[in-house]
$ cat protein_1.cif   # mmCIF, C-alpha atoms
data_upload
loop_
_atom_site.label_atom_id
_atom_site.label_comp_id
_atom_site.auth_asym_id
_atom_site.auth_seq_id
_atom_site.Cartn_x
_atom_site.Cartn_y
_atom_site.Cartn_z
CA MET A 1 -6.12 -16.15 51.83
CA LYS A 2 -6.12 -13.01 49.78
CA LYS A 3 -8.76 -12.85 47.09
CA ILE A 4 -7.78 -12.07 43.55
CA GLY A 5 -9.56 -8.91 42.53
CA LEU A 6 -11.84 -8.64 39.56
CA GLY A 7 -9.33 -6.39 37.80
CA SER A 8 -6.60 -9.01 38.03
CA TRP A 9 -8.88 -11.69 36.60
CA PHE A 10 -9.74 -9.35 33.80
CA LEU A 11 -6.08 -8.75 33.04
CA LEU A 12 -5.31 -12.48 33.14
CA ILE A 13 -8.14 -13.28 30.74
CA LEU A 14 -7.06 -10.46 28.49
CA LEU A 15 -3.50 -11.80 28.47
CA PHE A 16 -4.58 -15.22 27.21
CA THR A 17 -7.16 -14.10 24.70
CA LEU A 18 -5.27 -11.28 22.98
CA PRO A 19 -3.65 -12.19 19.68
CA PRO A 20 0.15 -12.20 19.73
CA SER A 21 1.69 -8.75 19.72
CA VAL A 22 2.23 -7.14 16.33
CA PHE A 23 5.78 -6.56 17.49
CA ALA A 24 6.46 -10.28 17.97
CA GLY A 25 8.57 -11.92 15.32
CA TRP A 26 10.34 -8.77 14.17
CA ASP A 27 14.08 -8.55 14.44
CA PHE A 28 14.79 -5.33 16.30
CA SER A 29 18.54 -5.91 16.36
CA ARG A 30 20.68 -3.05 15.09
CA VAL A 31 17.68 -0.74 15.33
CA THR A 32 18.54 2.82 14.28
CA ILE A 33 15.38 4.60 15.44
CA PRO A 34 13.91 4.83 18.96
CA GLU A 35 12.03 1.53 19.42
CA GLU A 36 9.26 3.17 21.43
CA GLU A 37 8.40 5.23 18.36
CA ILE A 38 7.56 2.11 16.34
CA LYS A 39 3.79 1.74 16.55
CA SER A 40 1.22 -0.71 15.30
CA GLY A 41 -0.60 0.58 12.27
CA GLY A 42 -3.61 -1.66 12.73
CA PRO A 43 -3.36 -4.31 10.01
CA PRO A 44 -0.98 -7.24 10.73
CA LYS A 45 2.07 -8.17 8.66
CA ASP A 46 1.00 -8.49 5.00
CA GLY A 47 -2.53 -7.47 6.05
CA ILE A 48 -2.10 -4.94 3.27
CA PRO A 49 -0.84 -7.16 0.44
CA ALA A 50 2.04 -5.74 -1.59
CA LEU A 51 1.87 -6.52 -5.32
CA THR A 52 4.45 -8.57 -7.19
CA ASN A 53 4.46 -9.29 -10.93
CA PRO A 54 1.89 -6.58 -11.74
CA GLN A 55 0.00 -6.70 -15.06
CA TYR A 56 -0.51 -3.77 -17.43
CA LEU A 57 -2.96 -2.46 -19.97
CA SER A 58 -2.40 0.04 -22.77
CA ALA A 59 -3.97 3.46 -22.36
CA SER A 60 -6.71 2.64 -24.89
CA GLU A 61 -7.55 -0.59 -23.06
CA ALA A 62 -7.74 1.12 -19.68
CA MET A 63 -11.37 2.19 -19.98
CA PHE A 64 -11.73 2.45 -16.22
CA MET A 65 -9.37 5.41 -16.00
CA GLN A 66 -10.82 8.88 -15.41
CA ALA A 67 -9.10 11.97 -16.78
CA ASP A 68 -8.73 13.80 -13.47
CA GLU A 69 -7.76 10.86 -11.28
CA GLU A 70 -4.38 10.85 -9.60
CA VAL A 71 -1.61 8.55 -10.74
CA ILE A 72 2.04 8.04 -9.98
CA GLY A 73 3.79 8.32 -13.33
CA ILE A 74 7.15 6.73 -14.01
CA TYR A 75 9.28 7.00 -17.12
CA LEU A 76 12.42 4.87 -16.97
CA ASN A 77 14.57 2.98 -19.49
CA GLY A 78 12.21 4.08 -22.29
CA VAL A 79 9.13 2.67 -20.55
CA ALA A 80 6.23 4.82 -19.25
CA ARG A 81 3.77 3.47 -16.69
CA ALA A 82 0.95 4.94 -14.65
CA TYR A 83 -0.07 3.59 -11.25
CA PRO A 84 -3.57 4.75 -10.26
CA ILE A 85 -3.66 5.92 -6.63
CA ARG A 86 -6.96 4.12 -6.03
CA ILE A 87 -5.21 0.80 -6.78
CA LEU A 88 -2.00 1.71 -4.91
CA SER A 89 -3.98 2.61 -1.78
CA TRP A 90 -5.10 -1.01 -1.40
CA HIS A 91 -1.56 -2.38 -1.71
CA GLU A 92 0.87 0.41 -0.80
CA LEU A 93 3.79 -1.36 -2.49
CA VAL A 94 4.37 -2.70 -6.00
CA ASN A 95 7.44 -4.87 -6.62
CA ASP A 96 8.04 -4.13 -10.26
CA ARG A 97 10.67 -4.07 -12.97
CA PHE A 98 11.67 -1.59 -15.68
CA GLY A 99 13.77 -3.64 -18.07
CA ASP A 100 16.56 -5.14 -15.98
CA LEU A 101 16.06 -2.75 -13.09
CA PRO A 102 14.00 -4.06 -10.15
CA VAL A 103 12.03 -1.20 -8.61
CA LEU A 104 9.64 -0.60 -5.76
CA VAL A 105 6.70 1.74 -6.27
CA SER A 106 5.40 2.92 -2.92
CA TRP A 107 2.40 4.92 -1.82
CA MET B 108 10.03 5.00 -6.13
CA TYR B 109 13.13 3.08 -5.21
CA SER B 110 15.55 0.63 -6.74
CA ARG B 111 15.13 -2.85 -5.19
CA GLN B 112 18.74 -3.62 -5.95
CA VAL B 113 20.76 -3.29 -2.74
CA ASP B 114 24.41 -4.42 -2.69
CA ASN B 115 23.80 -6.53 -5.81
CA VAL B 116 20.95 -8.36 -4.10
CA GLU B 117 17.42 -8.02 -5.43
CA LEU B 118 14.98 -7.51 -2.57
CA THR B 119 11.20 -7.99 -2.52
CA PHE B 120 9.16 -5.84 -0.16
CA GLY B 121 6.02 -6.31 1.91
CA VAL B 122 3.99 -4.17 4.33
CA SER B 123 4.99 -4.83 7.96
CA GLY B 124 1.91 -3.33 9.60
CA LEU B 125 4.19 -1.18 11.74
CA LEU B 126 4.46 2.59 11.58
CA TYR B 127 7.28 4.95 12.40
CA LYS B 128 6.11 8.51 12.92
CA SER B 129 2.86 7.65 11.16
CA ASN B 130 4.73 6.48 8.08
CA VAL B 131 4.68 2.89 6.88
CA LEU B 132 7.55 0.56 7.72
CA MET B 133 8.10 -1.98 4.99
CA TYR B 134 10.15 -5.14 5.25
CA ASP B 135 12.18 -7.13 2.77
CA ARG B 136 11.22 -10.78 2.41
CA GLN B 137 14.86 -11.88 2.01
CA THR B 138 16.15 -10.71 5.42
CA GLU B 139 12.99 -9.49 7.25
CA SER B 140 14.71 -6.17 7.95
CA LEU B 141 12.42 -3.20 8.52
CA TRP B 142 12.71 -0.20 6.19
CA SER B 143 11.39 3.34 6.53
CA GLN B 144 9.92 4.83 3.36
CA VAL B 145 10.48 8.43 4.36
CA LEU B 146 14.07 7.84 5.49
CA SER B 147 14.72 5.52 2.46
CA GLN B 148 16.71 3.39 4.88
CA ALA B 149 16.66 0.07 6.72
CA VAL B 150 16.07 0.81 10.40
CA SER B 151 16.52 -2.67 11.94
CA GLY B 152 17.65 -6.20 11.19
CA PRO B 153 20.47 -7.49 8.99
CA MET B 154 20.12 -4.69 6.40
CA SER B 155 20.08 -1.95 9.06
CA GLY B 156 21.72 1.22 7.82
CA HIS B 157 21.52 0.33 4.12
CA THR B 158 19.82 2.93 1.96
CA LEU B 159 17.48 2.57 -0.99
CA GLN B 160 18.29 4.55 -4.09
CA VAL B 161 15.41 6.95 -4.79
CA LEU B 162 14.31 7.05 -8.45
CA PRO B 163 12.26 9.84 -10.03
CA SER B 164 8.48 9.52 -10.10
CA THR B 165 5.68 11.99 -10.62
CA LEU B 166 2.39 12.52 -8.85
CA THR B 167 0.02 13.80 -11.52
CA THR B 168 -3.35 13.18 -13.17
CA TRP B 169 -4.08 10.51 -15.72
CA GLU B 170 -4.90 13.12 -18.35
CA GLN B 171 -1.62 14.99 -17.94
CA TRP B 172 0.47 11.84 -17.83
CA GLN B 173 -1.20 10.44 -20.94
CA GLN B 174 -0.58 13.68 -22.85
CA LYS B 175 3.11 13.56 -22.09
CA HIS B 176 3.46 9.78 -22.60
CA PRO B 177 0.78 8.56 -25.04
CA GLU B 178 2.46 5.14 -25.16
CA THR B 179 2.09 4.70 -21.40
CA MET B 180 0.86 1.47 -19.87
CA VAL B 181 -1.49 1.42 -16.86
CA LEU B 182 -1.43 -0.88 -13.86
CA SER B 183 -4.23 -3.41 -14.34
CA MET B 184 -6.98 -4.05 -11.80
CA GLU B 185 -6.26 -7.77 -12.31
CA THR B 186 -3.95 -7.90 -9.32
CA GLY B 187 -4.81 -11.35 -8.05
CA TYR B 188 -6.70 -9.77 -5.13
CA SER B 189 -10.38 -8.98 -5.01
CA ARG B 190 -10.60 -5.39 -3.90
CA ASP B 191 -13.08 -2.67 -4.78
CA TYR B 192 -10.83 -0.56 -6.96
CA SER B 193 -13.73 1.67 -7.95
CA LYS B 194 -12.92 3.68 -4.87
CA ASP B 195 -9.92 4.66 -2.83
CA PRO B 196 -10.26 2.97 0.59
CA TYR B 197 -8.86 6.08 2.23
CA ALA B 198 -11.01 8.59 0.38
CA ASP B 199 -13.02 9.36 3.51
CA TYR B 200 -9.96 9.49 5.68
CA TYR B 201 -7.45 11.74 3.99
CA PRO B 202 -4.76 12.12 4.97
CA ARG B 203 -4.91 8.38 5.13
CA ARG B 204 -2.39 7.75 7.92
CA SER B 205 -3.84 10.14 10.41
CA GLY B 206 -7.47 9.50 9.70
CA LEU B 207 -7.41 5.76 9.43
CA PHE B 208 -5.26 5.09 12.44
CA GLY B 209 -6.38 8.02 14.47
CA VAL B 210 -2.97 8.31 16.10
CA PHE B 211 -2.38 11.90 15.21
CA ARG B 212 -5.91 13.17 15.09
CA GLY B 213 -6.16 16.57 16.66
CA LEU B 214 -2.43 17.18 16.69
CA PHE B 215 -2.82 19.80 14.02
CA LYS B 216 -5.67 22.20 13.84
CA GLY B 217 -7.86 22.14 10.78
CA HIS B 218 -6.17 21.06 7.61
CA GLU B 219 -2.83 22.68 8.21
CA GLY B 220 -1.03 19.42 8.96
CA LYS B 221 -2.70 17.62 6.10
CA GLU B 222 -1.16 19.83 3.49
CA ARG B 223 0.79 18.00 0.80
CA VAL B 224 4.42 19.03 0.76
CA VAL B 225 7.65 18.09 -0.94
CA GLY B 226 10.43 17.62 1.57
CA ILE B 227 14.12 18.00 0.76
CA THR B 228 17.31 17.73 2.77
CA LEU B 229 20.18 19.85 1.52
CA ASN B 230 23.55 19.93 3.30
CA GLY B 231 21.87 18.05 6.12
CA GLN B 232 19.15 20.67 6.54
CA PRO B 233 15.52 19.69 5.95
CA LYS B 234 12.84 21.94 4.53
CA ALA B 235 9.33 21.42 3.20
CA TYR B 236 7.43 23.25 0.46
CA SER B 237 3.72 23.28 -0.22
CA LEU B 238 2.98 21.24 -3.34
CA ASP B 239 -0.03 23.38 -4.26
CA SER B 240 1.95 26.57 -3.97
CA LEU B 241 4.81 25.21 -6.12
CA ARG B 242 2.31 24.03 -8.70
CA GLN B 243 0.68 27.44 -8.86
CA GLN B 244 3.95 29.31 -9.23
CA GLY B 245 5.31 27.10 -12.02
CA GLU B 246 8.90 28.26 -11.69
CA THR B 247 10.35 29.59 -8.50
CA SER B 248 13.45 29.55 -6.33
CA ASP B 249 14.39 29.60 -2.68
CA GLN B 250 17.43 30.18 -0.50
CA HIS B 251 18.09 27.17 1.74
CA ALA B 252 21.11 25.77 3.58
CA GLY B 253 23.34 28.42 2.05
CA GLU B 254 22.33 27.59 -1.50
CA LYS B 255 19.87 28.76 -4.06
CA ILE B 256 17.53 26.02 -5.21
CA PHE B 257 15.17 26.04 -8.16
CA PHE B 258 11.72 24.55 -8.53
CA ARG B 259 10.20 23.90 -11.92
CA PHE B 260 6.74 22.51 -12.47
CA ASP B 261 6.07 21.05 -15.92
CA ASN B 262 2.45 21.90 -16.64
CA VAL B 263 2.12 19.22 -19.29
CA SER B 264 3.34 16.22 -17.32
CA GLY B 265 2.71 17.67 -13.87
CA ALA B 266 6.28 16.77 -12.96
CA LEU B 267 8.24 18.76 -10.42
CA THR B 268 12.01 19.17 -10.74
CA VAL B 269 14.13 20.53 -7.90
CA SER B 270 17.69 21.50 -8.73
CA ARG B 271 20.73 23.34 -7.37
CA GLU B 272 22.42 26.33 -8.95
CA GLN B 273 24.60 24.16 -11.24
CA GLY B 274 21.62 22.11 -12.33
CA GLU B 275 22.27 19.11 -10.10
CA ILE B 276 18.96 17.40 -9.26
CA VAL B 277 17.83 17.51 -5.65
CA PRO B 278 15.79 14.39 -4.74
CA TYR B 279 12.57 15.14 -2.89
CA ILE B 280 9.93 13.20 -1.02
CA PRO B 281 6.26 13.98 -1.55
CA THR B 282 4.38 13.53 1.72
CA TYR B 283 2.16 15.34 4.20
CA TRP B 284 3.46 18.18 6.33
CA PHE B 285 2.51 16.37 9.56
CA VAL B 286 4.51 13.30 8.50
CA TRP B 287 7.55 15.34 7.46
CA LYS B 288 7.43 17.36 10.67
CA GLN B 289 7.57 14.21 12.76
CA ILE B 290 10.54 12.79 10.90
CA TYR B 291 12.36 16.12 10.93
CA PRO B 292 11.06 18.08 13.93
CA THR B 293 13.49 20.92 13.22
CA SER B 294 12.42 21.21 9.60
CA LYS B 295 11.55 24.60 8.29
CA ARG B 296 8.53 25.07 6.14
CA HIS B 297 8.53 27.81 3.58
CA GLN B 298 6.02 30.61 3.89
CA GLU B 299 4.48 31.45 0.57
CA ASN B 300 5.54 35.08 0.57
CA GLN B 301 9.15 34.02 1.13
CA LEU B 302 9.39 32.37 -2.26
CA GLN B 303 10.92 34.61 -4.86
#
$ encode --input "protein_1.cif" --output "structure tokens"
Amino acid sequence: MKKIGLGSWFLLILLFTLPPSVFAGWDFSRVTIPEEEIKSGGPPKDGIPALTNPQYLSASEAMFMQADEEVIGIYLNGVARAYPIRILSWHELVNDRFGDLPVLVSW
Amino acid sequence: MYSRQVDNVELTFGVSGLLYKSNVLMYDRQTESLWSQVLSQAVSGPMSGHTLQVLPSTLTTWEQWQQKHPETMVLSMETGYSRDYSKDPYADYYPRRSGLFGVFRGLFKGHEGKERVVGITLNGQPKAYSLDSLRQQGETSDQHAGEKIFFRFDNVSGALTVSREQGEIVPYIPTYWFVWKQIYPTSKRHQENQLQ
């Protein structure tokens, strides 16, 4: 009887111990870009948590802000808001609202 | 920034963990379709082919933004998540996509690929401009896709406006050159001495 090589055992063990593929569970129907160019970024789905219902401070309350730090500034429907990059980097997406308009701030 | 209103449906977005050309793919929680930020478009699933309306936003400093909009509000650190907001998690890795994930490390020599650019597509033709160079020049223009386009940097707010000859606004995407180049491999990139 043919022996199963060490490499094959290794592969088998790997197969059963690896977490499910990051690509599992996604609906790739109607895909418009080459599928082989979709890569894993490292963190799993929602591993980087997008924000919803963000809270705000006035400029005078925001003591943590430094003059030269980068922000994304948005002025829309008479409302001005600043999104510090150092907060956005942890979340990448903010599901927000300017008046009636639902918006997505992305970084 | 985008509108979350698509076909009269309000979508909520999350981070998929997947990348396309080193740029984040997001997904909407209503249909689980995947969306590309750089393409502003759904690339798979039920929403495939739908586009997100791009809304104007400005990358600037807190000081400049506050001068222009003293009444501005600031995103609070009370996000419901415990993260160390005293520092940018990617500070050591800029540009964050390439450094953190290592996928494109070494593709570009030195810092050339890491340069911040604004990318536009006009009449179907892409082109990228160095953000630093536009900022330095204040007002400038360029000939692209058979049209003259104008760049204006507001020194107070730090806002960049790109417009066509008749004043029509040209939407642009701020990103890194190496990201833009992968989405639009044929894209031209302006050389500084070509700007008038």
$ residues_near_point --input "protein_1.cif" --point "(12.0, 14.6, 11.1)" --cutoff "12 Å" --atoms "only C-alpha atoms" --output "ChimeraX atom specification"
/A:33 /B:127-130,145-146,226-228,231-235,284-295
$ closest_atom_pairs --input "protein_1.cif" --of "chain B" --to "chain A" --cutoff "8 Å" --atoms "all atoms listed in the file" --output "Markdown table"
| residue | atom | partner | partner_atom | distance |
| --- | --- | --- | --- | --- |
| B:Met108 | CA | A:Val105 | CA | 4.7 |
| B:Tyr109 | CA | A:Leu104 | CA | 5.1 |
| B:Ser110 | CA | A:Val103 | CA | 4.4 |
| B:Arg111 | CA | A:Val103 | CA | 4.9 |
| B:Gln112 | CA | A:Pro102 | CA | 6.3 |
| B:Glu117 | CA | A:Pro102 | CA | 7.0 |
| B:Thr119 | CA | A:Asn95 | CA | 6.4 |
| B:Phe120 | CA | A:Asn95 | CA | 6.8 |
| B:Gly121 | CA | A:Ala50 | CA | 5.3 |
| B:Val122 | CA | A:Asp46 | CA | 5.3 |
| B:Ser123 | CA | A:Lys45 | CA | 4.5 |
| B:Gly124 | CA | A:Lys45 | CA | 4.9 |
| B:Leu125 | CA | A:Ser40 | CA | 4.7 |
| B:Leu126 | CA | A:Lys39 | CA | 5.1 |
| B:Tyr127 | CA | A:Ile38 | CA | 4.9 |
| B:Lys128 | CA | A:Glu37 | CA | 6.8 |
| B:Ser129 | CA | A:Gly41 | CA | 7.9 |
| B:Val131 | CA | A:Gly41 | CA | 7.9 |
| B:Glu139 | CA | A:Asp27 | CA | 7.3 |
| B:Ser140 | CA | A:Asp27 | CA | 6.9 |
| B:Gln144 | CA | A:Ser106 | CA | 8.0 |
| B:Val150 | CA | A:Thr32 | CA | 5.0 |
| B:Ser151 | CA | A:Val31 | CA | 4.1 |
| B:Gly152 | CA | A:Ser29 | CA | 5.3 |
| B:Pro153 | CA | A:Arg30 | CA | 7.5 |
| B:Ser155 | CA | A:Arg30 | CA | 6.2 |
| B:Gly156 | CA | A:Thr32 | CA | 7.4 |
| B:Pro163 | CA | A:Ile74 | CA | 7.2 |
| B:Ser164 | CA | A:Ile74 | CA | 5.0 |
| B:Thr165 | CA | A:Gly73 | CA | 4.9 |
| B:Leu166 | CA | A:Ile72 | CA | 4.6 |
| B:Thr167 | CA | A:Val71 | CA | 5.6 |
| B:Thr168 | CA | A:Glu70 | CA | 4.4 |
| B:Trp169 | CA | A:Ala67 | CA | 5.3 |
| B:Glu170 | CA | A:Ala67 | CA | 4.6 |
| B:Trp172 | CA | A:Gly73 | CA | 6.6 |
| B:Gln173 | CA | A:Ala59 | CA | 7.6 |
| B:His176 | CA | A:Ala80 | CA | 6.6 |
| B:Pro177 | CA | A:Ala59 | CA | 7.5 |
| B:Glu178 | CA | A:Ala80 | CA | 7.0 |
| B:Thr179 | CA | A:Ala80 | CA | 4.7 |
| B:Met180 | CA | A:Ser58 | CA | 4.6 |
| B:Val181 | CA | A:Ala82 | CA | 4.8 |
| B:Leu182 | CA | A:Tyr56 | CA | 4.7 |
| B:Ser183 | CA | A:Tyr56 | CA | 4.8 |
| B:Met184 | CA | A:Ile87 | CA | 7.2 |
| B:Glu185 | CA | A:Gln55 | CA | 6.9 |
| B:Thr186 | CA | A:Pro54 | CA | 6.5 |
| B:Arg190 | CA | A:Trp90 | CA | 7.5 |
| B:Tyr192 | CA | A:Ile87 | CA | 5.8 |
| B:Ser193 | CA | A:Arg86 | CA | 7.5 |
| B:Lys194 | CA | A:Arg86 | CA | 6.1 |
| B:Asp195 | CA | A:Arg86 | CA | 4.4 |
| B:Pro196 | CA | A:Ser89 | CA | 6.7 |
| B:Tyr197 | CA | A:Ser89 | CA | 7.2 |
| B:Phe208 | CA | A:Gly41 | CA | 6.5 |
$ write_last_selection --input "protein_1.cif" --atoms "C-alpha atoms" --output "compact mmCIF listing (two decimals), in the frame of the given file"
# COMPACT_ATOMS: atom_id res chain seq x y z
CA MET B 108 10.03 5.00 -6.13
CA TYR B 109 13.13 3.08 -5.21
CA SER B 110 15.55 0.63 -6.74
CA ARG B 111 15.13 -2.85 -5.19
CA GLN B 112 18.74 -3.62 -5.95
CA GLU B 117 17.42 -8.02 -5.43
CA THR B 119 11.20 -7.99 -2.52
CA PHE B 120 9.16 -5.84 -0.16
CA GLY B 121 6.02 -6.31 1.91
CA VAL B 122 3.99 -4.17 4.33
CA SER B 123 4.99 -4.83 7.96
CA GLY B 124 1.91 -3.33 9.60
CA LEU B 125 4.19 -1.18 11.74
CA LEU B 126 4.46 2.59 11.58
CA TYR B 127 7.28 4.95 12.40
CA LYS B 128 6.11 8.51 12.92
CA SER B 129 2.86 7.65 11.16
CA VAL B 131 4.68 2.89 6.88
CA GLU B 139 12.99 -9.49 7.25
CA SER B 140 14.71 -6.17 7.95
CA GLN B 144 9.92 4.83 3.36
CA VAL B 150 16.07 0.81 10.40
CA SER B 151 16.52 -2.67 11.94
CA GLY B 152 17.65 -6.20 11.19
CA PRO B 153 20.47 -7.49 8.99
CA SER B 155 20.08 -1.95 9.06
CA GLY B 156 21.72 1.22 7.82
CA PRO B 163 12.26 9.84 -10.03
CA SER B 164 8.48 9.52 -10.10
CA THR B 165 5.68 11.99 -10.62
CA LEU B 166 2.39 12.52 -8.85
CA THR B 167 0.02 13.80 -11.52
CA THR B 168 -3.35 13.18 -13.17
CA TRP B 169 -4.08 10.51 -15.72
CA GLU B 170 -4.90 13.12 -18.35
CA TRP B 172 0.47 11.84 -17.83
CA GLN B 173 -1.20 10.44 -20.94
CA HIS B 176 3.46 9.78 -22.60
CA PRO B 177 0.78 8.56 -25.04
CA GLU B 178 2.46 5.14 -25.16
CA THR B 179 2.09 4.70 -21.40
CA MET B 180 0.86 1.47 -19.87
CA VAL B 181 -1.49 1.42 -16.86
CA LEU B 182 -1.43 -0.88 -13.86
CA SER B 183 -4.23 -3.41 -14.34
CA MET B 184 -6.98 -4.05 -11.80
CA GLU B 185 -6.26 -7.77 -12.31
CA THR B 186 -3.95 -7.90 -9.32
CA ARG B 190 -10.60 -5.39 -3.90
CA TYR B 192 -10.83 -0.56 -6.96
CA SER B 193 -13.73 1.67 -7.95
CA LYS B 194 -12.92 3.68 -4.87
CA ASP B 195 -9.92 4.66 -2.83
CA PRO B 196 -10.26 2.97 0.59
CA TYR B 197 -8.86 6.08 2.23
CA PHE B 208 -5.26 5.09 12.44
$ atom_distance --input "protein_1.cif" --atom1 "atom CA of B:Gln298" --atom2 "atom CA of B:Val269"
17.5 Å
$ residues_around --input "protein_1.cif" --residues "B:Gly253" --least-positions-apart "4" --cutoff "12 Å" --atoms "all atoms listed in the file" --output "VMD selection string"
chain B and resid 229 to 232 249 271 to 272
$ axis_aligned_box --input "protein_1.cif" --around "stretch 229-239 of chain B" --padding-each-side "8 Å" --output "AutoDock Vina command-line options"
--center_x 11.8 --center_y 20.7 --center_z 1.1 --size_x 39.6 --size_y 21.3 --size_z 26.8
$ residues_around --input "protein_1.cif" --residues "B:Ser147" --least-positions-apart "2" --cutoff "8 Å" --atoms "all atoms listed in the file" --output "ChimeraX atom specification"
/B:142-145,149,158-161
$ write_last_selection --input "protein_1.cif" --atoms "C-alpha atoms" --output "compact mmCIF listing (two decimals), in the coordinates of the input"
# COMPACT_ATOMS: atom_id res chain seq x y z
CA TRP B 142 12.71 -0.20 6.19
CA SER B 143 11.39 3.34 6.53
CA GLN B 144 9.92 4.83 3.36
CA VAL B 145 10.48 8.43 4.36
CA ALA B 149 16.66 0.07 6.72
CA THR B 158 19.82 2.93 1.96
CA LEU B 159 17.48 2.57 -0.99
CA GLN B 160 18.29 4.55 -4.09
CA VAL B 161 15.41 6.95 -4.79
$ atom_distance --input "protein_1.cif" --atom1 "atom CA of B:Gln148" --atom2 "atom CA of B:Phe260"
27.7 Å
$ atom_distance --input "protein_1.cif" --atom1 "atom CA of B:Leu162" --atom2 "atom CA of B:Asp239"
22.1 Å
$ resolve_selection --input "protein_1.cif" --expression "the PyMOL selection byres ((chain B and resi 281) around 9)" --output "tab-separated table (two decimals) with C-alpha atoms, in the frame of the given file"
chain	number	residue	atom	x	y	z
B	166	LEU	CA	2.39	12.52	-8.85
B	223	ARG	CA	0.79	18.00	0.80
B	224	VAL	CA	4.42	19.03	0.76
B	225	VAL	CA	7.65	18.09	-0.94
B	226	GLY	CA	10.43	17.62	1.57
B	238	LEU	CA	2.98	21.24	-3.34
B	279	TYR	CA	12.57	15.14	-2.89
B	280	ILE	CA	9.93	13.20	-1.02
B	282	THR	CA	4.38	13.53	1.72
B	283	TYR	CA	2.16	15.34	4.20
$ decode --input "protein_1.cif" --residues "stretch 41-54 of chain A" --atoms "N, CA, C and O atoms" --output "PDB file, in the first residue's frame"
ATOM      1  N   GLY A  41      -7.709  41.517   2.467  1.00  0.00           N
ATOM      2  CA  GLY A  41      -6.957  42.637   3.006  1.00  0.00           C
ATOM      3  C   GLY A  41      -6.356  42.342   4.365  1.00  0.00           C
ATOM      4  O   GLY A  41      -5.658  43.177   4.925  1.00  0.00           O
ATOM      5  N   GLY A  42      -6.640  41.173   4.911  1.00  0.00           N
ATOM      6  CA  GLY A  42      -6.146  40.839   6.239  1.00  0.00           C
ATOM      7  C   GLY A  42      -7.290  40.700   7.225  1.00  0.00           C
ATOM      8  O   GLY A  42      -7.690  39.583   7.554  1.00  0.00           O
ATOM      9  N   PRO A  43      -7.848  41.833   7.687  1.00  0.00           N
ATOM     10  CA  PRO A  43      -8.948  41.730   8.650  1.00  0.00           C
ATOM     11  C   PRO A  43     -10.184  41.091   8.011  1.00  0.00           C
ATOM     12  O   PRO A  43     -10.431  41.275   6.828  1.00  0.00           O
ATOM     13  N   PRO A  44     -10.977  40.315   8.796  1.00  0.00           N
ATOM     14  CA  PRO A  44     -12.204  39.715   8.261  1.00  0.00           C
ATOM     15  C   PRO A  44     -13.295  40.767   8.073  1.00  0.00           C
ATOM     16  O   PRO A  44     -13.107  41.936   8.394  1.00  0.00           O
ATOM     17  N   LYS A  45     -14.450  40.301   7.570  1.00  0.00           N
ATOM     18  CA  LYS A  45     -15.615  41.174   7.424  1.00  0.00           C
ATOM     19  C   LYS A  45     -15.916  41.875   8.749  1.00  0.00           C
ATOM     20  O   LYS A  45     -15.976  41.222   9.797  1.00  0.00           O
ATOM     21  N   ASP A  46     -16.095  43.180   8.707  1.00  0.00           N
ATOM     22  CA  ASP A  46     -16.363  44.011   9.888  1.00  0.00           C
ATOM     23  C   ASP A  46     -15.239  43.974  10.927  1.00  0.00           C
ATOM     24  O   ASP A  46     -15.421  44.431  12.056  1.00  0.00           O
ATOM     25  N   GLY A  47     -14.079  43.395  10.542  1.00  0.00           N
ATOM     26  CA  GLY A  47     -12.916  43.431  11.430  1.00  0.00           C
ATOM     27  C   GLY A  47     -12.500  44.874  11.686  1.00  0.00           C
ATOM     28  O   GLY A  47     -11.999  45.204  12.759  1.00  0.00           O
ATOM     29  N   ILE A  48     -12.689  45.708  10.689  1.00  0.00           N
ATOM     30  CA  ILE A  48     -12.570  47.153  10.864  1.00  0.00           C
ATOM     31  C   ILE A  48     -14.002  47.667  10.960  1.00  0.00           C
ATOM     32  O   ILE A  48     -14.757  47.599   9.992  1.00  0.00           O
ATOM     33  N   PRO A  49     -14.420  48.120  12.144  1.00  0.00           N
ATOM     34  CA  PRO A  49     -15.836  48.438  12.349  1.00  0.00           C
ATOM     35  C   PRO A  49     -16.224  49.819  11.809  1.00  0.00           C
ATOM     36  O   PRO A  49     -15.725  50.840  12.282  1.00  0.00           O
ATOM     37  N   ALA A  50     -17.100  49.833  10.829  1.00  0.00           N
ATOM     38  CA  ALA A  50     -17.624  51.104  10.316  1.00  0.00           C
ATOM     39  C   ALA A  50     -18.468  51.764  11.403  1.00  0.00           C
ATOM     40  O   ALA A  50     -19.069  51.081  12.228  1.00  0.00           O
ATOM     41  N   LEU A  51     -18.500  53.099  11.419  1.00  0.00           N
ATOM     42  CA  LEU A  51     -19.301  53.808  12.413  1.00  0.00           C
ATOM     43  C   LEU A  51     -20.701  54.088  11.874  1.00  0.00           C
ATOM     44  O   LEU A  51     -20.885  54.322  10.681  1.00  0.00           O
ATOM     45  N   THR A  52     -21.687  53.991  12.769  1.00  0.00           N
ATOM     46  CA  THR A  52     -23.034  54.463  12.460  1.00  0.00           C
ATOM     47  C   THR A  52     -23.475  55.342  13.627  1.00  0.00           C
ATOM     48  O   THR A  52     -23.010  55.159  14.743  1.00  0.00           O
ATOM     49  N   ASN A  53     -24.356  56.274  13.367  1.00  0.00           N
ATOM     50  CA  ASN A  53     -24.801  57.233  14.391  1.00  0.00           C
ATOM     51  C   ASN A  53     -23.645  57.905  15.133  1.00  0.00           C
ATOM     52  O   ASN A  53     -23.556  57.834  16.360  1.00  0.00           O
ATOM     53  N   PRO A  54     -22.721  58.534  14.412  1.00  0.00           N
ATOM     54  CA  PRO A  54     -21.594  59.189  15.076  1.00  0.00           C
ATOM     55  C   PRO A  54     -22.039  60.374  15.933  1.00  0.00           C
ATOM     56  O   PRO A  54     -23.067  60.992  15.669  1.00  0.00           O
TER      57      PRO A  54
END
